[in-house]
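Novice: Please see the structure below; I have some questions.
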Amino acid sequence: SMKTCVDHHSIDPISDGSRGTGSSSFIFPTTGDSITSFLNPNLFQDPETIHNIQLQLRAGKPVIIQNAFQSEYAEAMYQDLLSAEDAFELHEYSHEDDDFSCHHYNIYDLQKYTLLMNATLELFNSTATKEFASELSGRRCGGETWPAASWYKPGSHSLPHSDWADQRTVAYVWHLTKDWKHGWGGHLYWMSETTFPFVPPSFNTLVLFSVNPRTYHMVTSVNSLAGDVRRLTINGWWEDNDWLPSFDDDVAQFAEGYDDWLDYFLEDSARSLELTADQ
């Protein structure tokens, strides 16, 4: 049975109950494909599951989906990231006047993307995929997205941050880690007034959340016990396009059925969370 319950202490994952094993054959995504063609049909062709994902995203909660992609795709991407070891470069930030710091390894240079990473970039950027992300989240996802690979080695971490920047609307983190022990760290830690779940590294788990100024989270430090086991993800954000609100614009571009900006926001103050940082 699928668990989609959210309580004050944990966020139960959505799962089809399978171990995710499958054949080794895999056909790369091609231009124009929708992400729905590569997601686990046991989950994403189930209307109840889609409805639960929509409810959680629109309530400002993270959604944790186990066995999210077809197992052949997940295995191919995992092997691809293992083979791309030399392409990862250190990304770190710290400042004496800033509470935030991070230290992790990434492939941000498009010139170093593998063939499968490029195909995945095309897949996440397709019009059909972005329409699906909007359908799930209720957010505008028509801008460009750049899914990037991340590798958290021992010592890697990311202190609390919200991801609320630029035109970001929906964050995605595709976990591709095998044989991880809970005591090694590297957990995604969701921070809210009522829910503080650890999301441990795992294989073929997709985490989604609708980005706003309240979506604080962190990645706990990976410790030396992890050794050579790799905490790997593909992650990024769907974003709005370059549109910025203006009182000269028709509010219907942003919120269908309304003709006055003030009416829209005064009706429900939480609607300000639908705006990106740039907006």
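By convention in this document, the chains of the structure tokens carry letters A, B, ... by their order, each chain's residues are numbered from 1, and ligands are numbered from 1 in the order they are shown.
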Run DSSP on the backbone and grab whatever in range 90-243 of chain A lands in alpha helix (DSSP H); send it over as an MDAnalysis selection string.
Specialist: chainID A and resid 115:125 127:137
Novice: Export, as a compact mmCIF listing (two decimals), in the first residue's frame, the selected residues with N, CA and C atoms.
Specialist:
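Output contents, as saved in out-v4.txt:
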```
# COMPACT_ATOMS: atom_id res chain seq x y z
N LEU A 115 26.62 11.97 -22.10
CA LEU A 115 25.49 11.87 -23.04
C LEU A 115 24.17 11.72 -22.29
N LEU A 116 24.17 10.90 -21.24
CA LEU A 116 22.92 10.69 -20.49
C LEU A 116 22.55 11.93 -19.68
N MET A 117 23.53 12.64 -19.15
CA MET A 117 23.22 13.88 -18.45
C MET A 117 22.62 14.91 -19.40
N ASN A 118 23.16 14.98 -20.61
CA ASN A 118 22.58 15.90 -21.61
C ASN A 118 21.16 15.49 -21.97
N ALA A 119 20.93 14.19 -22.12
CA ALA A 119 19.58 13.72 -22.44
C ALA A 119 18.63 14.02 -21.28
N THR A 120 19.12 13.92 -20.05
CA THR A 120 18.31 14.23 -18.88
C THR A 120 18.01 15.72 -18.80
N LEU A 121 18.99 16.54 -19.14
CA LEU A 121 18.76 17.98 -19.19
C LEU A 121 17.65 18.31 -20.19
N GLU A 122 17.71 17.68 -21.36
CA GLU A 122 16.66 17.88 -22.37
C GLU A 122 15.30 17.43 -21.84
N LEU A 123 15.30 16.31 -21.13
CA LEU A 123 14.05 15.75 -20.61
C LEU A 123 13.41 16.69 -19.59
N PHE A 124 14.21 17.18 -18.65
CA PHE A 124 13.68 18.05 -17.61
C PHE A 124 13.27 19.42 -18.17
N ASN A 125 13.82 19.77 -19.34
CA ASN A 125 13.52 21.06 -19.96
C ASN A 125 12.40 20.99 -20.99
N THR A 127 8.86 20.95 -22.86
CA THR A 127 7.60 21.63 -22.55
C THR A 127 6.64 20.71 -21.81
N ALA A 128 6.58 19.46 -22.23
CA ALA A 128 5.67 18.51 -21.59
C ALA A 128 6.05 18.27 -20.13
N THR A 129 7.35 18.18 -19.84
CA THR A 129 7.80 17.98 -18.46
C THR A 129 7.45 19.18 -17.60
N LYS A 130 7.70 20.37 -18.13
CA LYS A 130 7.44 21.58 -17.33
C LYS A 130 5.95 21.79 -17.11
N GLU A 131 5.13 21.38 -18.07
CA GLU A 131 3.68 21.43 -17.87
C GLU A 131 3.26 20.45 -16.77
N PHE A 132 3.90 19.30 -16.73
CA PHE A 132 3.59 18.31 -15.70
C PHE A 132 4.00 18.84 -14.32
N ALA A 133 5.18 19.48 -14.23
CA ALA A 133 5.63 20.07 -12.96
C ALA A 133 4.66 21.14 -12.49
N SER A 134 4.13 21.93 -13.43
CA SER A 134 3.14 22.96 -13.08
C SER A 134 1.84 22.33 -12.61
N GLU A 135 1.45 21.24 -13.28
CA GLU A 135 0.21 20.54 -12.90
C GLU A 135 0.32 19.98 -11.47
N LEU A 136 1.48 19.48 -11.12
CA LEU A 136 1.66 18.93 -9.78
C LEU A 136 1.69 20.01 -8.72
N SER A 137 2.38 21.11 -9.01
CA SER A 137 2.70 22.10 -7.98
C SER A 137 1.79 23.30 -7.95
```
Novice: Show me, as a tab-separated table, the residues of range 35-98 of chain A having an atom within 10 Å of range 168-173 of chain A, each with the closest atom pair and its distance in Å, using only C-alpha atoms.
Specialist:
```
residue	atom	partner	partner_atom	distance
A:Leu57	CA	A:Val170	CA	9.0
A:Pro62	CA	A:Ala171	CA	9.4
A:Val63	CA	A:Tyr172	CA	9.7
A:Ile64	CA	A:Val173	CA	9.5
```
Novice: Could those selected residues go to a file with N, CA and C atoms, as a tab-separated table (two decimals), in the first residue's frame?
Specialist:
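The result, written out as out15.tsv:
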```
chain	number	residue	atom	x	y	z
A	57	LEU	N	2.52	19.26	-2.12
A	57	LEU	CA	3.29	20.36	-2.69
A	57	LEU	C	2.60	21.70	-2.42
A	62	PRO	N	7.49	18.95	1.67
A	62	PRO	CA	8.27	18.18	0.71
A	62	PRO	C	7.58	16.86	0.40
A	63	VAL	N	7.74	16.39	-0.81
A	63	VAL	CA	7.19	15.10	-1.22
A	63	VAL	C	8.36	14.16	-1.47
A	64	ILE	N	8.32	13.00	-0.85
A	64	ILE	CA	9.40	12.02	-0.95
A	64	ILE	C	8.84	10.80	-1.68
```
Novice: Name the residues in contact with Pro245 in chain A at a cut-off of 12 Å, using only C-alpha atoms, excluding same-chain residues fewer than 6 positions from it; report them as an mmCIF file with N, CA, C and O atoms, in the first residue's frame.
Specialist:
```
data_model
loop_
_atom_site.group_PDB
_atom_site.id
_atom_site.type_symbol
_atom_site.label_atom_id
_atom_site.label_comp_id
_atom_site.auth_asym_id
_atom_site.auth_seq_id
_atom_site.Cartn_x
_atom_site.Cartn_y
_atom_site.Cartn_z
ATOM 1 N N VAL A 251 -3.429 40.809 -14.377
ATOM 2 C CA VAL A 251 -3.146 39.796 -13.372
ATOM 3 C C VAL A 251 -3.531 38.406 -13.856
ATOM 4 O O VAL A 251 -3.017 37.391 -13.368
ATOM 5 N N ALA A 252 -4.413 38.319 -14.839
ATOM 6 C CA ALA A 252 -4.844 37.020 -15.358
ATOM 7 C C ALA A 252 -3.659 36.227 -15.930
ATOM 8 O O ALA A 252 -3.726 35.001 -16.025
ATOM 9 N N GLN A 253 -2.584 36.918 -16.320
ATOM 10 C CA GLN A 253 -1.388 36.196 -16.778
ATOM 11 C C GLN A 253 -0.822 35.328 -15.664
ATOM 12 O O GLN A 253 -0.222 34.284 -15.914
ATOM 13 N N PHE A 254 -1.000 35.786 -14.436
ATOM 14 C CA PHE A 254 -0.450 35.085 -13.277
ATOM 15 C C PHE A 254 -1.507 34.232 -12.592
ATOM 16 O O PHE A 254 -1.239 33.097 -12.203
ATOM 17 N N ALA A 255 -2.702 34.782 -12.436
ATOM 18 C CA ALA A 255 -3.776 34.091 -11.723
ATOM 19 C C ALA A 255 -5.063 34.199 -12.539
ATOM 20 O O ALA A 255 -5.693 35.252 -12.585
ATOM 21 N N TRP A 261 -4.723 42.942 -9.008
ATOM 22 C CA TRP A 261 -3.650 42.366 -8.207
ATOM 23 C C TRP A 261 -3.976 42.402 -6.719
ATOM 24 O O TRP A 261 -3.778 41.416 -6.003
ATOM 25 N N SER A 272 1.300 35.357 -1.488
ATOM 26 C CA SER A 272 2.591 35.993 -1.756
ATOM 27 C C SER A 272 3.700 34.951 -1.876
ATOM 28 O O SER A 272 4.737 35.201 -2.502
ATOM 29 N N GLU A 274 3.585 32.438 -3.653
ATOM 30 C CA GLU A 274 3.614 31.957 -5.034
ATOM 31 C C GLU A 274 4.592 32.760 -5.884
ATOM 32 O O GLU A 274 4.910 32.363 -7.005
ATOM 33 N N LEU A 275 5.072 33.894 -5.381
ATOM 34 C CA LEU A 275 5.987 34.726 -6.133
ATOM 35 C C LEU A 275 7.419 34.211 -5.966
ATOM 36 O O LEU A 275 7.821 33.765 -4.885
ATOM 37 N N THR A 276 8.185 34.284 -7.035
ATOM 38 C CA THR A 276 9.597 33.923 -6.946
ATOM 39 C C THR A 276 10.374 35.051 -6.268
ATOM 40 O O THR A 276 9.832 36.155 -6.038
ATOM 41 N N ALA A 277 11.627 34.818 -5.953
ATOM 42 C CA ALA A 277 12.455 35.858 -5.325
ATOM 43 C C ALA A 277 12.575 37.074 -6.229
ATOM 44 O O ALA A 277 12.475 38.223 -5.767
ATOM 45 N N ASP A 278 12.765 36.858 -7.538
ATOM 46 C CA ASP A 278 12.867 37.979 -8.474
ATOM 47 C C ASP A 278 11.552 38.745 -8.573
ATOM 48 O O ASP A 278 11.546 39.970 -8.684
ATOM 49 N N GLN A 279 10.446 38.022 -8.536
ATOM 50 C CA GLN A 279 9.148 38.665 -8.672
ATOM 51 C C GLN A 279 8.815 39.485 -7.442
ATOM 52 O O GLN A 279 8.164 40.520 -7.528
#
```
Novice: For CA of Pro154 in chain A and CA of His103 in chain A, determine how far apart the two atoms are, in Å to one decimal place.
Specialist: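 These atoms are spaced 10.0 Å apart.
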Novice: Find the residue from A:Asp179, A:Asp99, A:Asp249, A:Glu48 that sits nearest to Leu232 in chain A; use only C-alpha atoms when measuring.
Specialist: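 Smallest distance to Leu232 in chain A is found for A:Asp179.
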